[in-house]
Structure formats: C-alpha cells, structure tokens
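Source file: my_file_2.txt; contents: compact mmCIF, C-alpha atoms.
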```txt
# COMPACT_ATOMS: atom_id res chain seq x y z
CA MET L 1 81.82 -19.96 -160.81
CA ARG L 2 83.59 -18.06 -158.02
CA VAL L 3 86.88 -18.70 -156.22
CA LEU L 4 88.74 -17.06 -153.34
CA HIS L 5 92.20 -15.64 -154.03
CA LEU L 6 94.38 -15.26 -150.91
CA ALA L 7 98.09 -14.50 -150.53
CA ASP L 8 100.75 -13.54 -148.02
CA LEU L 9 99.09 -14.53 -144.76
CA HIS L 10 102.54 -14.81 -143.13
CA LEU L 11 101.26 -16.98 -140.30
CA ASP L 12 103.57 -17.01 -137.26
CA THR L 13 105.29 -13.72 -138.03
CA PRO L 14 107.46 -13.28 -134.90
CA TYR L 15 106.88 -9.53 -134.25
CA SER L 16 109.94 -9.69 -132.02
CA HIS L 17 110.12 -5.90 -131.58
CA ARG L 18 106.59 -5.68 -130.20
CA SER L 19 105.38 -6.20 -126.64
CA LYS L 20 104.22 -9.70 -125.80
CA ASP L 21 100.56 -8.64 -125.57
CA LEU L 22 100.63 -6.90 -128.95
CA ARG L 23 102.68 -9.71 -130.49
CA ASP L 24 100.08 -12.25 -129.40
CA GLN L 25 97.23 -10.11 -130.74
CA LEU L 26 98.88 -9.61 -134.14
CA GLN L 27 99.68 -13.29 -134.51
CA ASP L 28 96.13 -14.22 -133.54
CA ALA L 29 94.76 -11.66 -135.99
CA ALA L 30 96.49 -13.36 -138.93
CA GLY L 31 94.93 -16.68 -137.94
CA ALA L 32 91.55 -15.02 -137.46
CA ALA L 33 91.79 -13.48 -140.95
CA PHE L 34 92.33 -16.94 -142.40
CA ALA L 35 89.40 -18.35 -140.42
CA ALA L 36 87.23 -15.49 -141.73
CA ALA L 37 88.33 -16.38 -145.28
CA VAL L 38 87.24 -19.98 -144.70
CA ASP L 39 83.90 -18.77 -143.30
CA ALA L 40 83.37 -16.67 -146.43
CA ALA L 41 84.35 -19.47 -148.80
CA ILE L 42 81.84 -21.82 -147.18
CA GLY L 43 79.10 -19.22 -146.69
CA GLU L 44 79.43 -17.84 -150.22
CA GLU L 45 79.61 -21.35 -151.70
CA LEU L 46 82.87 -20.62 -153.50
CA VAL L 47 84.28 -23.49 -155.53
CA ALA L 48 87.97 -23.20 -154.52
CA VAL L 49 90.42 -21.35 -152.28
CA LEU L 50 93.77 -20.40 -153.81
CA VAL L 51 96.80 -19.14 -151.87
CA ALA L 52 99.52 -17.41 -153.89
CA GLY L 53 102.45 -18.05 -151.55
CA ASP L 54 103.78 -17.02 -148.14
CA LEU L 55 101.11 -18.84 -146.21
CA PHE L 56 103.77 -19.05 -143.49
CA ASP L 57 106.32 -16.44 -142.52
CA ARG L 58 109.22 -18.76 -141.71
CA ASP L 59 110.32 -22.38 -141.65
CA THR L 60 109.04 -23.17 -138.15
CA LEU L 61 105.43 -23.23 -137.04
CA SER L 62 103.96 -23.24 -133.57
CA PHE L 63 101.83 -26.24 -132.75
CA ALA L 64 98.89 -23.89 -132.21
CA THR L 65 99.22 -22.41 -135.71
CA GLU L 66 99.61 -25.84 -137.29
CA ARG L 67 96.52 -27.16 -135.52
CA ARG L 68 94.43 -24.12 -136.39
CA LEU L 69 95.51 -24.19 -140.04
CA ILE L 70 94.75 -27.88 -140.54
CA GLU L 71 91.39 -27.50 -138.80
CA GLN L 72 90.38 -24.63 -141.08
CA ILE L 73 91.46 -26.40 -144.26
CA GLY L 74 89.59 -29.44 -143.01
CA ARG L 75 86.45 -27.32 -142.76
CA LEU L 76 86.90 -26.47 -146.42
CA GLY L 77 87.30 -30.12 -147.26
CA ALA L 78 84.11 -31.03 -145.39
CA ALA L 79 82.31 -28.45 -147.52
CA GLY L 80 83.79 -29.92 -150.70
CA ILE L 81 86.05 -26.93 -151.37
CA PRO L 82 89.58 -27.63 -152.68
CA PHE L 83 92.57 -25.69 -151.30
CA LEU L 84 95.29 -24.92 -153.87
CA TYR L 85 98.54 -23.46 -152.55
CA ALA L 86 101.67 -22.29 -154.38
CA CYS L 87 104.83 -21.96 -152.26
CA GLY L 88 106.46 -18.54 -151.92
CA ASN L 89 109.85 -17.25 -150.83
CA HIS L 90 108.94 -17.34 -147.11
CA ASP L 91 107.58 -20.88 -147.34
CA PRO L 92 109.55 -22.56 -150.13
CA ALA L 93 109.08 -26.23 -150.89
CA GLY L 94 110.70 -28.55 -148.36
CA GLN L 95 111.78 -25.81 -145.94
CA THR L 96 108.64 -25.66 -143.84
CA ARG L 97 107.95 -28.57 -141.51
CA ALA L 98 106.07 -31.31 -143.37
CA LEU L 99 102.41 -31.13 -142.47
CA GLN L 100 99.74 -33.78 -142.68
CA TRP L 101 97.66 -31.96 -145.25
CA PRO L 102 93.97 -32.85 -145.66
CA ASP L 103 92.94 -34.59 -148.88
CA ASN L 104 91.49 -31.40 -150.40
CA VAL L 105 94.96 -29.74 -150.60
CA THR L 106 96.94 -29.35 -153.84
CA LEU L 107 100.51 -28.04 -153.45
CA PHE L 108 102.47 -26.33 -156.19
CA GLU L 109 106.02 -26.82 -154.94
CA HIS L 110 108.21 -26.74 -158.05
CA GLU L 111 109.37 -23.98 -160.34
CA LYS L 112 108.12 -25.86 -163.39
CA PRO L 113 104.41 -25.02 -163.68
CA ARG L 114 101.90 -27.87 -163.61
CA SER L 115 98.18 -27.91 -164.25
CA VAL L 116 95.40 -29.58 -162.29
CA GLU L 117 91.72 -29.88 -163.03
CA VAL L 118 89.20 -29.35 -160.27
CA ALA L 119 85.68 -30.73 -160.47
CA THR L 120 83.21 -28.38 -158.79
CA PRO L 121 79.42 -28.24 -158.51
CA ALA L 122 79.59 -25.29 -160.93
CA GLY L 123 81.66 -27.18 -163.50
CA ARG L 124 85.30 -27.83 -164.25
CA LEU L 125 88.13 -25.46 -163.29
CA ARG L 126 91.79 -25.66 -164.26
CA VAL L 127 94.59 -24.16 -162.20
CA THR L 128 98.22 -23.92 -163.32
CA GLY L 129 100.68 -23.09 -160.57
CA ALA L 130 104.38 -22.91 -159.76
CA GLY L 131 106.20 -22.68 -156.45
CA HIS L 132 109.45 -21.44 -155.00
CA GLN L 133 112.01 -24.11 -154.15
CA SER L 134 114.33 -21.75 -152.29
CA GLN L 135 114.11 -18.51 -150.33
CA ARG L 136 115.84 -16.58 -153.11
CA CYS L 137 114.27 -17.58 -156.40
CA GLY L 138 115.78 -15.52 -159.21
CA THR L 139 113.94 -17.31 -162.01
CA ASN L 140 111.20 -15.59 -163.97
CA LEU L 141 108.56 -18.18 -163.15
CA ALA L 142 105.77 -16.34 -164.98
CA ALA L 143 107.66 -16.74 -168.26
CA LEU L 144 107.62 -20.53 -167.77
CA PHE L 145 103.83 -20.75 -167.69
CA PRO L 146 102.51 -22.52 -170.79
CA THR L 147 99.90 -21.17 -173.16
CA VAL L 148 96.54 -22.84 -172.47
CA ASP L 149 93.62 -23.76 -174.66
CA ARG L 150 90.52 -21.64 -174.04
CA THR L 151 88.34 -23.18 -176.73
CA ASP L 152 86.73 -25.72 -174.40
CA GLY L 153 85.17 -23.03 -172.21
CA VAL L 154 86.83 -24.25 -169.00
CA PRO L 155 88.03 -21.32 -166.81
CA HIS L 156 91.79 -21.41 -166.26
CA ILE L 157 93.66 -19.66 -163.44
CA ALA L 158 97.41 -19.06 -163.08
CA LEU L 159 98.62 -19.18 -159.46
CA LEU L 160 102.02 -17.68 -158.66
CA HIS L 161 104.12 -15.85 -156.07
CA ALA L 162 106.18 -13.30 -158.01
CA GLN L 163 107.34 -9.70 -158.17
CA LEU L 164 105.80 -7.84 -161.08
CA GLU L 165 108.12 -4.91 -161.64
CA SER L 166 105.32 -2.50 -162.55
CA ALA L 167 103.29 -3.17 -159.39
CA ILE L 168 102.73 -0.42 -156.84
CA ASN L 169 105.15 -0.79 -153.91
CA HIS L 170 106.96 -3.68 -155.60
CA ASP L 171 110.22 -2.14 -154.43
CA ARG L 172 109.27 -2.80 -150.79
CA HIS L 173 109.79 -6.50 -151.44
CA ASP L 174 112.80 -8.58 -152.42
CA ARG L 175 113.18 -9.18 -156.14
CA TYR L 176 112.23 -12.84 -156.19
CA ALA L 177 110.65 -14.54 -159.23
CA PRO L 178 110.80 -11.20 -161.08
CA ALA L 179 108.38 -10.76 -163.96
CA THR L 180 106.88 -8.10 -166.21
CA ARG L 181 103.36 -7.54 -167.45
CA SER L 182 104.31 -8.92 -170.86
CA ASP L 183 104.99 -12.32 -169.25
CA LEU L 184 101.27 -12.60 -168.38
CA VAL L 185 99.65 -11.75 -171.73
CA ASP L 186 98.67 -13.96 -174.65
CA LYS L 187 98.79 -17.19 -172.62
CA GLY L 188 95.07 -17.82 -172.38
CA TYR L 189 94.52 -17.55 -168.62
CA ASP L 190 91.27 -16.04 -167.41
CA TYR L 191 92.87 -14.82 -164.18
CA TRP L 192 96.36 -14.50 -162.69
CA ALA L 193 96.24 -14.97 -158.91
CA LEU L 194 99.44 -13.32 -157.66
CA GLY L 195 101.21 -13.00 -154.33
CA HIS L 196 104.37 -11.35 -152.90
CA VAL L 197 103.46 -7.65 -153.18
CA HIS L 198 101.34 -6.82 -150.15
CA GLU L 199 99.38 -3.96 -151.72
CA ARG L 200 96.09 -5.16 -153.19
CA GLN L 201 95.95 -4.05 -156.82
CA GLN L 202 95.08 -4.97 -160.36
CA VAL L 203 98.25 -5.19 -162.45
CA CYS L 204 96.80 -6.20 -165.81
CA GLU L 205 93.41 -5.88 -167.50
CA ASP L 206 93.86 -8.39 -170.31
CA PRO L 207 94.33 -10.93 -168.93
CA VAL L 208 92.87 -9.98 -165.57
CA ALA L 209 95.70 -10.14 -163.02
CA TRP L 210 95.62 -9.12 -159.36
CA TYR L 211 97.64 -9.09 -156.20
CA ALA L 212 95.22 -9.95 -153.41
CA GLY L 213 97.41 -8.13 -150.88
CA ILE L 214 98.09 -9.15 -147.30
CA PRO L 215 94.92 -10.19 -145.39
CA GLN L 216 96.18 -8.71 -142.10
CA GLY L 217 98.61 -5.80 -142.15
CA ARG L 218 101.80 -6.38 -140.18
CA THR L 219 103.30 -2.86 -140.07
CA PRO L 220 102.10 0.76 -140.33
CA LYS L 221 103.08 0.66 -144.02
CA GLU L 222 100.30 -1.90 -144.53
CA SER L 223 97.53 0.39 -143.37
CA GLY L 224 93.83 0.49 -144.10
CA PRO L 225 91.40 -2.37 -144.86
CA ARG L 226 93.03 -5.66 -145.86
CA GLY L 227 91.59 -8.89 -147.19
CA ALA L 228 91.30 -11.09 -150.27
CA ASN L 229 89.65 -11.30 -153.70
CA ILE L 230 86.48 -13.13 -154.60
CA VAL L 231 86.90 -13.86 -158.31
CA ALA L 232 83.94 -14.59 -160.58
CA LEU L 233 84.80 -16.60 -163.69
CA PRO L 234 82.01 -16.45 -166.28
CA ALA L 235 81.99 -19.20 -168.91
CA ALA L 236 82.48 -16.54 -171.59
CA GLY L 237 85.63 -15.19 -169.90
CA GLY L 238 86.19 -11.76 -168.40
CA ALA L 239 86.91 -12.38 -164.72
CA THR L 240 85.51 -9.87 -162.25
CA VAL L 241 86.88 -9.23 -158.77
CA GLU L 242 85.23 -8.28 -155.49
CA PHE L 243 87.12 -7.24 -152.34
CA LEU L 244 86.56 -9.38 -149.26
CA PRO L 245 87.67 -7.57 -146.06
CA LEU L 246 89.27 -9.94 -143.55
CA ALA L 247 91.63 -8.07 -141.22
CA PRO L 248 90.55 -8.03 -137.56
CA LEU L 249 93.07 -5.23 -136.87
CA THR L 250 93.78 -2.11 -138.93
CA TRP L 251 96.85 0.10 -139.07
CA HIS L 252 96.29 3.83 -139.48
CA THR L 253 98.79 6.70 -139.68
CA VAL L 254 98.09 10.31 -138.71
CA LYS L 255 100.53 13.08 -139.57
CA CYS L 256 100.56 15.53 -136.66
CA THR L 257 101.75 19.09 -137.31
CA ARG L 258 101.44 22.53 -135.68
CA LEU L 259 103.48 21.52 -132.66
CA GLU L 260 104.95 25.00 -132.06
CA GLY L 261 102.40 25.91 -129.39
CA ALA L 262 103.03 22.89 -127.19
CA GLU L 263 105.49 24.01 -124.53
CA ASN L 264 104.65 21.28 -122.03
CA PHE L 265 103.32 17.74 -121.84
CA SER L 266 99.66 18.70 -121.31
CA ALA L 267 99.66 21.10 -124.25
CA LEU L 268 101.27 18.50 -126.50
CA VAL L 269 98.68 15.86 -125.57
CA LYS L 270 95.89 18.34 -126.28
CA ILE L 271 97.27 19.16 -129.74
CA LEU L 272 97.77 15.52 -130.67
CA ARG L 273 94.32 14.47 -129.44
CA LYS L 274 92.73 17.21 -131.52
CA GLN L 275 94.44 15.92 -134.66
CA CYS L 276 93.49 12.28 -133.98
CA ARG L 277 89.88 12.45 -135.16
CA PRO L 278 88.03 9.14 -134.60
CA ALA L 279 85.59 10.09 -137.38
CA ASP L 280 88.46 9.69 -139.85
CA TRP L 281 89.56 6.28 -138.59
CA PRO L 282 89.03 3.25 -140.86
CA ALA L 283 88.09 0.96 -137.96
CA PRO L 284 86.75 1.11 -134.38
CA ALA L 285 89.29 2.24 -131.79
CA LYS L 286 89.66 -1.21 -130.19
CA GLN L 287 90.70 -2.64 -133.57
CA LEU L 288 93.02 0.23 -134.51
CA LEU L 289 96.82 0.30 -134.42
CA LEU L 290 97.52 4.03 -134.53
CA ARG L 291 100.80 5.55 -135.66
CA LEU L 292 101.43 9.24 -135.11
CA GLN L 293 104.04 10.96 -137.27
CA LEU L 294 105.03 14.14 -135.46
CA THR L 295 106.38 16.68 -137.94
CA GLY L 296 107.81 20.18 -137.73
CA ALA L 297 109.29 22.55 -135.21
CA SER L 298 108.63 21.94 -131.52
CA PRO L 299 109.88 23.55 -128.30
CA LEU L 300 109.86 20.00 -126.89
CA HIS L 301 112.14 18.58 -129.58
CA ARG L 302 114.79 17.53 -127.04
CA GLU L 303 112.27 15.93 -124.68
CA LEU L 304 110.83 13.96 -127.59
CA ARG L 305 114.18 12.22 -128.05
CA ASP L 306 113.84 10.55 -124.65
CA ARG L 307 112.38 7.03 -124.78
CA ASP L 308 110.79 7.33 -121.33
CA ASN L 309 109.01 10.51 -122.40
CA ILE L 310 107.71 8.83 -125.54
CA ASP L 311 106.43 5.90 -123.49
CA THR L 312 104.59 8.28 -121.16
CA LEU L 313 103.08 10.10 -124.13
CA ILE L 314 101.97 6.79 -125.66
CA GLU L 315 100.39 5.68 -122.38
CA GLU L 316 98.47 8.94 -122.08
CA LEU L 317 97.21 8.94 -125.67
CA GLN L 318 96.27 5.28 -125.69
CA ALA L 319 94.16 5.76 -122.58
CA ALA L 320 92.56 8.90 -124.00
CA LEU L 321 91.88 7.55 -127.49
CA GLY L 322 91.00 3.98 -126.57
CA THR L 323 92.96 2.45 -129.44
CA LEU L 324 94.51 -1.00 -129.31
CA ASP L 325 97.98 0.47 -129.74
CA VAL L 326 99.77 3.76 -130.33
CA GLU L 327 103.26 4.29 -131.67
CA ILE L 328 104.93 7.65 -132.19
CA ASP L 329 107.49 8.64 -134.82
CA VAL L 330 109.45 11.79 -133.94
CA THR L 331 112.19 11.60 -136.58
CA ALA L 332 110.75 14.65 -138.38
CA VAL L 333 110.55 16.83 -135.26
CA HIS L 334 113.12 19.61 -134.97
CA MET L 335 113.82 22.76 -133.02
CA ALA L 336 112.50 26.07 -134.31
CA LEU L 337 115.25 27.85 -136.19
CA ASP L 338 115.18 31.01 -138.31
CA SER L 339 117.20 30.15 -141.41
CA SER L 340 116.90 33.73 -142.76
CA ASN L 341 118.95 35.07 -139.85
CA LEU L 342 121.44 32.22 -140.05
CA GLU L 343 122.04 33.03 -143.73
CA GLN L 344 123.79 36.20 -142.58
CA ARG L 345 126.51 34.25 -140.78
CA ASN L 346 129.98 34.52 -142.27
CA ASP L 347 130.81 30.81 -142.03
CA VAL L 348 130.17 27.49 -143.77
CA LEU L 349 126.57 27.33 -142.53
CA GLY L 350 125.73 30.80 -143.79
CA GLU L 351 127.34 30.14 -147.18
CA ALA L 352 125.57 26.80 -147.54
CA LEU L 353 122.16 28.32 -146.73
CA ARG L 354 122.71 31.18 -149.19
CA LEU L 355 123.66 28.67 -151.88
CA LEU L 356 120.58 26.58 -151.16
CA THR L 357 118.30 29.63 -151.32
CA ALA L 358 119.78 30.66 -154.65
CA ALA L 359 119.46 27.15 -156.07
CA GLN L 360 115.72 27.09 -155.35
CA THR L 361 115.15 29.85 -157.92
CA ASP L 362 118.13 29.26 -160.25
CA GLU L 363 117.60 26.04 -162.22
CA ASP L 364 121.07 26.15 -163.80
CA LEU L 365 122.69 26.38 -160.36
CA LEU L 366 120.44 23.59 -159.11
CA ARG L 367 121.59 21.30 -161.93
CA THR L 368 125.21 22.23 -161.28
CA LEU L 369 124.94 21.25 -157.62
CA ALA L 370 123.02 18.03 -158.28
CA PRO L 371 124.66 14.59 -158.60
CA GLU L 372 125.02 13.65 -162.28
CA PRO L 373 122.15 11.09 -162.39
CA LEU L 374 119.73 13.81 -161.22
CA ALA L 375 121.06 16.67 -163.30
CA SER L 376 119.04 16.14 -166.49
CA GLY L 377 115.39 15.92 -167.46
CA GLU L 378 112.33 17.83 -166.29
CA ALA L 379 111.21 14.99 -164.04
CA ASN L 380 114.57 15.04 -162.29
CA LEU L 381 114.37 18.81 -161.94
CA ASP L 382 111.05 18.47 -160.11
CA ARG L 383 112.63 15.83 -157.89
CA LEU L 384 115.54 18.14 -157.10
CA LYS L 385 113.15 20.90 -156.10
CA THR L 386 111.36 18.46 -153.82
CA LEU L 387 114.65 17.44 -152.24
CA CYS L 388 115.47 21.08 -151.57
CA ASP L 389 112.26 21.52 -149.62
CA GLY L 390 113.32 21.32 -146.00
CA ALA L 391 117.01 20.94 -146.83
CA ASP L 392 117.76 24.16 -144.95
CA ARG L 393 116.67 22.49 -141.72
CA GLU L 394 118.86 19.48 -142.44
CA LEU L 395 121.85 21.75 -143.04
CA ILE L 396 121.22 23.69 -139.86
CA ALA L 397 120.85 20.53 -137.81
CA ALA L 398 124.00 19.00 -139.22
CA LEU L 399 126.25 22.04 -139.04
CA LEU L 400 125.06 23.28 -135.66
CA ARG L 401 124.98 19.69 -134.36
CA VAL L 402 121.37 20.12 -133.34
CA ASP L 403 119.62 16.86 -132.55
CA SER L 404 116.88 17.25 -135.15
```
Once more with this new file: its structure as structure tokens, please.
Amino acid sequence: MRVLHLADLHLDTPYSHRSKDLRDQLQDAAGAAFAAAVDAAIGEELVAVLVAGDLFDRDTLSFATERRLIEQIGRLGAAGIPFLYACGNHDPAGQTRALQWPDNVTLFEHEKPRSVEVATPAGRLRVTGAGHQSQRCGTNLAALFPTVDRTDGVPHIALLHAQLESAINHDRHDRYAPATRSDLVDKGYDYWALGHVHERQQVCEDPVAWYAGIPQGRTPKESGPRGANIVALPAAGGATVEFLPLAPLTWHTVKCTRLEGAENFSALVKILRKQCRPADWPAPAKQLLLRLQLTGASPLHRELRDRDNIDTLIEELQAALGTLDVEIDVTAVHMALDSSNLEQRNDVLGEALRLLTAAQTDEDLLRTLAPEPLASGEANLDRLKTLCDGADRELIAALLRVDS
C-alpha cells in the first residue's frame, strides 16, 4: 500500500516584490506542482493523497486557483483516490473561503485529533489528523494524538502541521503547534506525515516521521529539487519513503568571489559568467531561478550599490546565461582595504583593529571581549572565532563610514 504525502503548497502566494511576469510564473508553478502530484498519484496507483497543511498561502483565493484545485482533486476522486487534508497556520479552519469540496475530500479542521478509516483496493488504511483553528496555534497538537492499536495489521498514519524543534531549519518558521520528537514515539503510528518546515527531511526513525518539504520553492532559501514523498506501508510495518520531484522551477545560488580584477562592467560580467557554470546547475536554464551572491573586495563596490547598475547587470547576465531569472546580492561586497596599514593609525580605528588582531590568537582576551552568553564553552569559543573572521572589514567600514 502506497500513499502520497504533500505539504506546504502555499497556493496563491502573492510574490508582491517580484515582477508581474515572474510572479505569474511562480504562482503557476505551484499549481503545476500540484497537478504533477495528482498525475503521479493516478499513474502510480497510490491509494491516498495526504496534505499536511498550508495548501493555501492566505485566506483569499483567486477564482483560477480555486477552479484548478477542485478540478485536480476531482481527478483523484474519479480515480477512486481519497484526498485527506489537515489545516495549517496559513489556511486555518474557517478562515479560507468555503469551497465546494468533492466527495473524496476529508478535512481535519480541529485541534482535537480524529481518526478516519479509508477503504482502498489494497486494503484498509487509517489516518488520524488534527488541524489549526487559528493562524497562531500555540498548542502542542502532536501531544494530543492518541495511542493506536497496531495489532490488527491496519497501517495507521498521523497527519499534522507542526514545528518539530529538532528539525533542520525549523527556526525559519514561526513556532506554531510546537512539538518534540518524544511526542511522536510510542503511539503506534506507522508514519507521521508532517508539514510546516519547508526542508524535506526525516525527523524520526521509529516511528518513521518526515517533513515532505515544499513542492515548489518560493525563495532562494528553498533551493534545489523540491517535491513530495511516496510512502510505502507494508502490512508488517516499517514505512519506506521515496522522493517524488514536482517543482517546475528550481532556485539555485552561486557564490561569486575573486572580484578584485573587475575594474569595469565588461570585466565584471566576464568574471561572473565564468563562475556560473551550467554543468553545476540542478535544472535546465529555462527552469532556473539564479541568485548570485557577490562576495569580497571589488573596485566597483560603489557602482554595485546603484539599483540601475544592478538592473543592467541582471539584464546582461540573464541574456547571456538564458536562465528564467537572475537576482544579485551585493551586501557582502566591499572596497579593498589594507587592515595591516590601518592598524598603525593612532586613533579609535587603529586601536580597535589591534585589539581584534590580538583577540584572534589570545583566547583569554577573546572571552573577555565577548558578551557573557558567548564567553564560556568550547563550542562558543569556536563561534567567537568565526565571528572574528571578517570583523576587521566591518570595523573599517563602520569607522571610516565606507559603504561596504
């Protein structure tokens, strides 16, 4: 028996800071990812589709999104595939426009978990789910899930939108329905289908618990292939998971360095093009949203603070590389400065740089200068050393009022 675990589609994300063309393409990509999931569920003869919250991004839907969604779920229904959906913090119960759901839809709208049994051609399946009733759920919903009986051999899935505090990148998301790994164990579920954290990952081995991740990345932080989980549920237990790629568009970040030799526009374009190697890209150029992080000293540091110049650079690179989009981050670009000479100055800047240099080799001094929460423990000492790396540039920029 196999099911599809989806989460965090965020349909109708506004993308208000993007151009209209890119906004339309990103919104369409999310819908296309869902359509691809439906294609896979039907083609792979999966017995159910489960969505662990944030199917929608906000409490209003465009007519086009509503129509497309209902049509796709209807396709599942025609194939005899149930659609089970637990509300999340972006689409809490009663705050999204009431839709005329097809008969194959089961909604989990309340914080109190409830269980349903699904009859499938492969046998019976039980799903217990809970939903968010507000946009700021502070309740540990996972702790409310009941212990289930596994003696009858019926696979049982827990469906929930929650923030597991040990998950990778959990801190990028609001702390709604907070839970810990201990809340998932010893309750008898064969699989926990989780949503809210957008990074696909396994968060528990026994029981098997996964975040499916976001099917279509929305920002450069959500880079690389994105999709859903196909979950196999053997009668003897021990769920196994297979990645199903779905995203029509892929974000990719390239860190561009060695900018010192670019003294004009043409030279800068040449350096950046050389570091943007298509062979390293995770998707074809026409499906790629490319973000360039320019880092280090540059003789063009002032020019790269001008929005018109950045737009020209983007236009040139996008035409040359053939990608769907290019954005450029110049926050880590700075002017070339020789801190060793500046250390000789008899002023606040010189004294600060000498102190910083000494602290990098004198651990006692480093602890003395550090804020109290960072002043103890080997792990904190390593963190302090990391913070010192590049701090000379920050000091120079601040004290000389250089636009770094």
Could you tell me which of L:Gly350, L:Pro234, L:Pro146, L:Pro282 comes closest to L:Asp190 if we count all atoms listed in the file?
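Checking each candidate against L:Asp190, we get L:Pro234 as the closest.
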Which distance in Å separates atom CA of L:Leu4 and atom CA of L:Pro92, to one decimal?
21.8 Å
Can you check which parts of stretch 32-87 of chain L lie within 9 Å of stretch 209-216 of chain L? Per residue, the shortest pair of atoms and distance in Å to one decimal, counting all atoms listed in the file, sorted by chain and number, as a Markdown table.
```
| residue | atom | partner | partner_atom | distance |
| --- | --- | --- | --- | --- |
| L:Ala33 | CA | L:Pro215 | CA | 6.4 |
| L:Phe34 | CA | L:Pro215 | CA | 7.8 |
| L:Ala52 | CA | L:Ala212 | CA | 8.6 |
```
Under the rule that only C-alpha atoms are counted, which of L:Leu11, L:Leu259, L:Leu321, L:Ile310 is the nearest residue to L:Ala285?
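Ranking L:Leu11, L:Leu259, L:Leu321, L:Ile310 by distance to L:Ala285, first place goes to L:Leu321.
Distance-wise, atom CA of L:Thr128 and atom CA of L:Leu184 end up 12.8 Å apart.
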Show me the residues close to (97.1, -20.3, -162.6) - anything with an atom within 7 Å, counting only C-alpha atoms - and format the list as a PyMOL selection string.
chain L and resi 127-129+156-160+192-193
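Between L:Ala262 and the candidates L:Gly296, L:Pro278, L:Gly43, L:Gly31, the tightest atom-to-atom separation, counting all atoms listed in the file, involves L:Gly296.
Minimum atom-to-atom distances from L:Leu349, L:Ile70, L:Cys276, L:Leu107 to L:Gly131 were compared using all atoms listed in the file, and the lowest value belongs to L:Leu107.
Across the structure, atom CA of L:Asp311 and atom CA of L:Asp57 are spaced 29.3 Å apart.
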Nearest to L:Lys221 by atom-to-atom distance, counting all atoms listed in the file, from L:Glu205, L:Asp149, L:Glu343, L:Glu199:
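Looking at the shortest contact to L:Lys221, the residue is L:Glu199.
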Place a sphere of radius 10 Å on (105.4, 1.0, -152.7) in the file coordinates and name every protein, DNA or RNA residue with an atom inside or on its surface, counting all atoms listed in the file; give the answer as a list in words.
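Those within range, by chain then number, are Ala167, Ile168, Asn169, His170, Asp171, Arg172, His173, Val197, His198, Glu199 and Lys221 of chain L.
Proximity ranking of L:Ala35, L:Arg2, L:Thr361, L:Asp308 relative to L:Leu69 places L:Ala35 first, based on all atoms listed in the file.
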Which residues are close to L:Val38, i.e. within 10 Å by only C-alpha atoms, leaving aside same-chain residues fewer than 5 positions away? Reply as number ranges by chain.
L: 4, 32-33, 43-44, 46, 49, 72-76, 81
Extract stretch 124-138 of chain L from the coordinates I pasted, and write it as a PDB file, in the first residue's frame (atoms kept: N, CA, C and O atoms).
```
ATOM      1  N   ARG L 124      -7.455  -1.772   4.034  1.00  0.00           N
ATOM      2  CA  ARG L 124      -7.856  -0.645   4.871  1.00  0.00           C
ATOM      3  C   ARG L 124      -6.646   0.213   5.274  1.00  0.00           C
ATOM      4  O   ARG L 124      -5.539  -0.279   5.431  1.00  0.00           O
ATOM      5  N   LEU L 125      -6.919   1.500   5.464  1.00  0.00           N
ATOM      6  CA  LEU L 125      -5.918   2.463   5.920  1.00  0.00           C
ATOM      7  C   LEU L 125      -6.579   3.391   6.918  1.00  0.00           C
ATOM      8  O   LEU L 125      -7.713   3.828   6.698  1.00  0.00           O
ATOM      9  N   ARG L 126      -5.912   3.660   8.018  1.00  0.00           N
ATOM     10  CA  ARG L 126      -6.429   4.620   9.000  1.00  0.00           C
ATOM     11  C   ARG L 126      -5.527   5.851   9.024  1.00  0.00           C
ATOM     12  O   ARG L 126      -4.304   5.743   8.971  1.00  0.00           O
ATOM     13  N   VAL L 127      -6.175   7.002   9.106  1.00  0.00           N
ATOM     14  CA  VAL L 127      -5.457   8.269   9.199  1.00  0.00           C
ATOM     15  C   VAL L 127      -6.018   9.045  10.381  1.00  0.00           C
ATOM     16  O   VAL L 127      -7.239   9.235  10.485  1.00  0.00           O
ATOM     17  N   THR L 128      -5.130   9.491  11.271  1.00  0.00           N
ATOM     18  CA  THR L 128      -5.515  10.376  12.366  1.00  0.00           C
ATOM     19  C   THR L 128      -4.899  11.741  12.090  1.00  0.00           C
ATOM     20  O   THR L 128      -3.692  11.842  11.836  1.00  0.00           O
ATOM     21  N   GLY L 129      -5.726  12.769  12.123  1.00  0.00           N
ATOM     22  CA  GLY L 129      -5.224  14.099  11.811  1.00  0.00           C
ATOM     23  C   GLY L 129      -5.780  15.158  12.733  1.00  0.00           C
ATOM     24  O   GLY L 129      -6.802  14.959  13.404  1.00  0.00           O
ATOM     25  N   ALA L 130      -5.085  16.290  12.782  1.00  0.00           N
ATOM     26  CA  ALA L 130      -5.537  17.459  13.533  1.00  0.00           C
ATOM     27  C   ALA L 130      -5.222  18.687  12.710  1.00  0.00           C
ATOM     28  O   ALA L 130      -4.283  18.697  11.902  1.00  0.00           O
ATOM     29  N   GLY L 131      -6.011  19.755  12.921  1.00  0.00           N
ATOM     30  CA  GLY L 131      -5.819  20.965  12.135  1.00  0.00           C
ATOM     31  C   GLY L 131      -5.686  22.202  13.006  1.00  0.00           C
ATOM     32  O   GLY L 131      -6.033  22.192  14.180  1.00  0.00           O
ATOM     33  N   HIS L 132      -5.191  23.251  12.402  1.00  0.00           N
ATOM     34  CA  HIS L 132      -5.090  24.540  13.084  1.00  0.00           C
ATOM     35  C   HIS L 132      -6.429  25.268  12.965  1.00  0.00           C
ATOM     36  O   HIS L 132      -7.031  25.314  11.900  1.00  0.00           O
ATOM     37  N   GLN L 133      -6.853  25.867  14.067  1.00  0.00           N
ATOM     38  CA  GLN L 133      -8.092  26.639  14.061  1.00  0.00           C
ATOM     39  C   GLN L 133      -7.830  28.142  14.087  1.00  0.00           C
ATOM     40  O   GLN L 133      -8.764  28.932  14.091  1.00  0.00           O
ATOM     41  N   SER L 134      -6.563  28.517  14.140  1.00  0.00           N
ATOM     42  CA  SER L 134      -6.186  29.928  14.098  1.00  0.00           C
ATOM     43  C   SER L 134      -4.827  30.032  13.419  1.00  0.00           C
ATOM     44  O   SER L 134      -4.151  29.024  13.188  1.00  0.00           O
ATOM     45  N   GLN L 135      -4.426  31.249  13.112  1.00  0.00           N
ATOM     46  CA  GLN L 135      -3.142  31.463  12.454  1.00  0.00           C
ATOM     47  C   GLN L 135      -1.974  31.394  13.425  1.00  0.00           C
ATOM     48  O   GLN L 135      -0.815  31.392  13.000  1.00  0.00           O
ATOM     49  N   ARG L 136      -2.240  31.314  14.699  1.00  0.00           N
ATOM     50  CA  ARG L 136      -1.170  31.313  15.695  1.00  0.00           C
ATOM     51  C   ARG L 136      -1.409  30.236  16.760  1.00  0.00           C
ATOM     52  O   ARG L 136      -1.589  30.526  17.930  1.00  0.00           O
ATOM     53  N   CYS L 137      -1.419  29.012  16.321  1.00  0.00           N
ATOM     54  CA  CYS L 137      -1.674  27.900  17.230  1.00  0.00           C
ATOM     55  C   CYS L 137      -0.450  27.660  18.123  1.00  0.00           C
ATOM     56  O   CYS L 137       0.633  27.315  17.634  1.00  0.00           O
ATOM     57  N   GLY L 138      -0.634  27.818  19.421  1.00  0.00           N
ATOM     58  CA  GLY L 138       0.452  27.580  20.361  1.00  0.00           C
ATOM     59  C   GLY L 138       0.365  26.242  21.060  1.00  0.00           C
ATOM     60  O   GLY L 138       1.208  25.912  21.897  1.00  0.00           O
TER      61      GLY L 138
END
```
